[in-house]
Amino acid sequence: MPQTEIKTQTDLATELGISAQTLKNWTRDFAAFLSAPGALGESNRRFTDDDVFVLKRIKDHLAAGLTFEETAEELRADGYGAATNGDGQHNALLVPNAQQGFGVLSDTLRVMIENQQTVQNSLQVNRNLLGVIIQDNFNLKEENAKLRERMLKLEQEMGELKKRDQDYRLTVEQRLMRAENALRAEASKTVWQKLFGS
């Protein structure tokens with residue numbers, strides 16, 4: 001099946017979600033499993049469909065915690081790369097440990113920084129939300145205080161109305177009693193008293 005050159009280093013690094021330096025390191029360290037760089041050289045190489053698939057497998061294996069050597073063994077088991085040397089033994093994957101560690105460390109740090117930024121953004125959102133809640137709480141307290149004052153005022157007004165009503169009722173009762181007494185007194189007078197007014 002013919003292989004089509006489709007990806008540049010920048011495009012593939014973006015697609016894999018890794019730095020360009022990490023892609024260069026993997027391209028060098030796993031060269032036995034990738035196509036030759038061709039006439040453009042390493043710095044301008046293009047990646048075939050098979051290269052993209054292999055590099056995705058490499059990323060998955062490393063993310064799962066496999067070492068470079070274990071990843072190479074997995075790729076060989078899948079039929080990629082030269083499996084044996086002249087005496088029939090597996091070729092060892094020659095990877096400079098310092099560069100391995102630097103690439104893994106730089107990717108790990110980048111992920112940690114991104115995660116830290118996400119956490120900080122989340123904390124800022126929570127702080128803003130808490131500020132809104134506190135402000136709403138203050139506003140509610142002010143509204144409650146105003147309502148309490150209004151209720152006290154209404155209670156005072158009701159008390160005054162009740163007192164006025166009682167005073168008015170007492171005045172009316174006193175007037176009625178005086179009118180009844182006057183009627184009784186008038187009714188108890190004799191005809192002569194009514195005529196001559198005594």
# chains A, B, ... in the order shown; residues from 1 in each chain; ligands from 1

call {"tool": "residues_around", "arguments": {"residues": "A:Ala63", "least_positions_apart": "5", "cutoff": "12 Å", "atoms": "only C-alpha atoms", "output": "PyMOL selection string"}}
result
chain A and resi 16+18+56-58+68+71+104+107-108+111

call {"tool": "write_last_selection", "arguments": {"atoms": "N, CA and C atoms", "output": "CSV table (one decimal), in the first residue's frame"}}
result
chain,number,residue,atom,x,y,z
A,16,LEU,N,-0.8,15.6,17.9
A,16,LEU,CA,-0.6,14.7,19.1
A,16,LEU,C,-0.6,15.4,20.4
A,18,ILE,N,1.7,17.4,21.7
A,18,ILE,CA,3.1,17.4,22.3
A,18,ILE,C,3.9,18.6,21.7
A,56,LYS,N,1.3,7.9,17.3
A,56,LYS,CA,0.2,7.8,18.2
A,56,LYS,C,0.3,6.7,19.2
A,57,ARG,N,0.7,5.5,18.6
A,57,ARG,CA,0.9,4.3,19.5
A,57,ARG,C,2.0,4.6,20.5
A,58,ILE,N,3.1,5.3,20.1
A,58,ILE,CA,4.2,5.6,21.0
A,58,ILE,C,3.7,6.5,22.1
A,68,PHE,N,10.8,3.6,27.2
A,68,PHE,CA,11.1,3.6,25.8
A,68,PHE,C,11.4,2.2,25.2
A,71,THR,N,8.2,0.3,25.0
A,71,THR,CA,7.4,0.8,23.9
A,71,THR,C,7.9,0.2,22.6
A,104,VAL,N,10.4,13.9,28.3
A,104,VAL,CA,9.3,13.4,29.2
A,104,VAL,C,9.0,14.5,30.2
A,107,ASP,N,7.3,17.6,28.8
A,107,ASP,CA,5.9,17.4,28.5
A,107,ASP,C,5.1,17.3,29.8
A,108,THR,N,5.7,16.7,30.8
A,108,THR,CA,5.0,16.6,32.1
A,108,THR,C,4.8,17.9,32.7
A,111,VAL,N,2.1,19.9,30.9
A,111,VAL,CA,0.7,19.4,31.3
A,111,VAL,C,0.4,19.9,32.7

call {"tool": "select_by_dssp", "arguments": {"residues": "stretch 4-198 of chain A", "states": "strand (DSSP E)", "output": "ChimeraX atom specification"}}
result
/A:5-8,46-48

call {"tool": "select_by_dssp", "arguments": {"residues": "chain A", "states": "alpha helix (DSSP H)", "output": "PyMOL selection string"}}
result
chain A and resi 9-16+20-29+49-63+68-77+97-188+191-196

call {"tool": "residues_around", "arguments": {"residues": "A:Leu12", "least_positions_apart": "4", "cutoff": "8 Å", "atoms": "only C-alpha atoms", "output": "list in words"}}
result
Lys7, Thr8, Leu16, Phe47 and Val52 of chain A

call {"tool": "residues_around", "arguments": {"residues": "A:Gly81", "least_positions_apart": "5", "cutoff": "7 Å", "atoms": "only C-alpha atoms", "output": "list in words"}}
result
Ala32, Phe33 and Arg76 of chain A

call {"tool": "residues_around", "arguments": {"residues": "A:Pro37", "least_positions_apart": "5", "cutoff": "12 Å", "atoms": "only C-alpha atoms", "output": "short mmCIF file (atom, residue, chain, number, x, y, z; two decimals) with C-alpha atoms, in the first residue's frame"}}
result
data_model
loop_
_atom_site.label_atom_id
_atom_site.label_comp_id
_atom_site.auth_asym_id
_atom_site.auth_seq_id
_atom_site.Cartn_x
_atom_site.Cartn_y
_atom_site.Cartn_z
CA GLU A 5 3.32 12.17 2.95
CA THR A 8 4.64 18.38 8.72
CA GLN A 9 6.36 18.32 12.10
CA LYS A 24 11.87 15.49 17.28
CA THR A 27 11.45 10.78 15.69
CA ARG A 28 15.11 10.26 16.53
CA ALA A 31 13.65 6.09 13.93
CA ALA A 32 13.69 2.31 13.37
CA GLU A 42 15.10 15.65 9.55
CA SER A 43 14.27 19.32 10.08
CA ASN A 44 11.82 19.44 7.16
CA ARG A 45 10.62 15.87 7.04
CA ARG A 46 7.07 14.84 6.28
CA PHE A 47 5.21 12.05 8.06
CA THR A 48 3.24 9.32 6.32
CA ASP A 51 4.26 7.31 10.78
#

call {"tool": "decode", "arguments": {"residues": "stretch 94-178 of chain A", "atoms": "C-alpha atoms", "output": "short mmCIF file (atom, residue, chain, number, x, y, z; two decimals), in the first residue's frame"}}
result
data_model
loop_
_atom_site.label_atom_id
_atom_site.label_comp_id
_atom_site.auth_asym_id
_atom_site.auth_seq_id
_atom_site.Cartn_x
_atom_site.Cartn_y
_atom_site.Cartn_z
CA LEU A 94 19.46 3.33 21.68
CA VAL A 95 18.05 6.38 23.42
CA PRO A 96 20.15 8.93 25.28
CA ASN A 97 18.71 8.82 28.82
CA ALA A 98 19.22 12.54 29.47
CA GLN A 99 17.31 13.50 26.31
CA GLN A 100 14.59 10.94 27.10
CA GLY A 101 14.18 12.36 30.55
CA PHE A 102 14.21 15.95 29.30
CA GLY A 103 11.49 15.28 26.72
CA VAL A 104 9.26 13.44 29.19
CA LEU A 105 9.95 16.02 31.89
CA SER A 106 9.19 18.97 29.60
CA ASP A 107 5.89 17.38 28.49
CA THR A 108 4.99 16.55 32.09
CA LEU A 109 5.78 20.10 33.21
CA ARG A 110 3.76 21.56 30.34
CA VAL A 111 0.75 19.41 31.30
CA MET A 112 1.19 20.38 34.96
CA ILE A 113 1.34 24.08 34.05
CA GLU A 114 -1.81 23.75 31.94
CA ASN A 115 -3.57 21.90 34.77
CA GLN A 116 -2.41 24.55 37.25
CA GLN A 117 -3.75 27.28 34.98
CA THR A 118 -7.08 25.45 34.76
CA VAL A 119 -7.20 25.16 38.55
CA GLN A 120 -6.36 28.87 38.93
CA ASN A 121 -9.08 29.81 36.44
CA SER A 122 -11.54 27.63 38.36
CA LEU A 123 -10.50 29.23 41.65
CA GLN A 124 -10.98 32.70 40.15
CA VAL A 125 -14.47 31.75 38.96
CA ASN A 126 -15.25 30.40 42.46
CA ARG A 127 -13.91 33.62 44.02
CA ASN A 128 -16.09 35.72 41.73
CA LEU A 129 -19.12 33.57 42.53
CA LEU A 130 -18.41 33.81 46.26
CA GLY A 131 -18.15 37.60 45.93
CA VAL A 132 -21.56 37.70 44.23
CA ILE A 133 -23.06 35.48 46.95
CA ILE A 134 -21.59 37.65 49.74
CA GLN A 135 -22.87 40.83 48.05
CA ASP A 136 -26.32 39.27 47.64
CA ASN A 137 -26.21 38.27 51.31
CA PHE A 138 -25.41 41.87 52.34
CA ASN A 139 -28.21 43.13 50.10
CA LEU A 140 -30.64 40.64 51.66
CA LYS A 141 -29.58 41.73 55.16
CA GLU A 142 -30.25 45.35 54.25
CA GLU A 143 -33.65 44.43 52.81
CA ASN A 144 -34.47 42.40 55.93
CA ALA A 145 -33.50 45.33 58.17
CA LYS A 146 -35.75 47.66 56.13
CA LEU A 147 -38.64 45.19 56.30
CA ARG A 148 -38.15 44.83 60.06
CA GLU A 149 -38.27 48.62 60.48
CA ARG A 150 -41.40 48.81 58.34
CA MET A 151 -43.09 46.04 60.36
CA LEU A 152 -42.24 47.80 63.66
CA LYS A 153 -43.67 51.04 62.29
CA LEU A 154 -46.85 49.27 61.18
CA GLU A 155 -47.17 47.64 64.59
CA GLN A 156 -46.85 51.06 66.26
CA GLU A 157 -49.46 52.52 63.92
CA MET A 158 -51.78 49.56 64.63
CA GLY A 159 -51.28 50.09 68.39
CA GLU A 160 -52.14 53.77 68.05
CA LEU A 161 -55.24 52.97 65.97
CA LYS A 162 -56.35 50.40 68.52
CA LYS A 163 -55.93 52.93 71.38
CA ARG A 164 -57.85 55.58 69.43
CA ASP A 165 -60.61 53.06 68.74
CA GLN A 166 -60.83 52.16 72.43
CA ASP A 167 -60.96 55.85 73.44
CA TYR A 168 -63.66 56.54 70.85
CA ARG A 169 -65.67 53.52 72.00
CA LEU A 170 -65.41 54.66 75.64
CA THR A 171 -66.54 58.17 74.69
CA VAL A 172 -69.55 56.78 72.76
CA GLU A 173 -70.49 54.51 75.67
CA GLN A 174 -70.33 57.43 78.12
CA ARG A 175 -72.56 59.55 75.85
CA LEU A 176 -75.05 56.69 75.50
CA MET A 177 -75.16 56.26 79.29
CA ARG A 178 -75.79 59.98 79.79
#
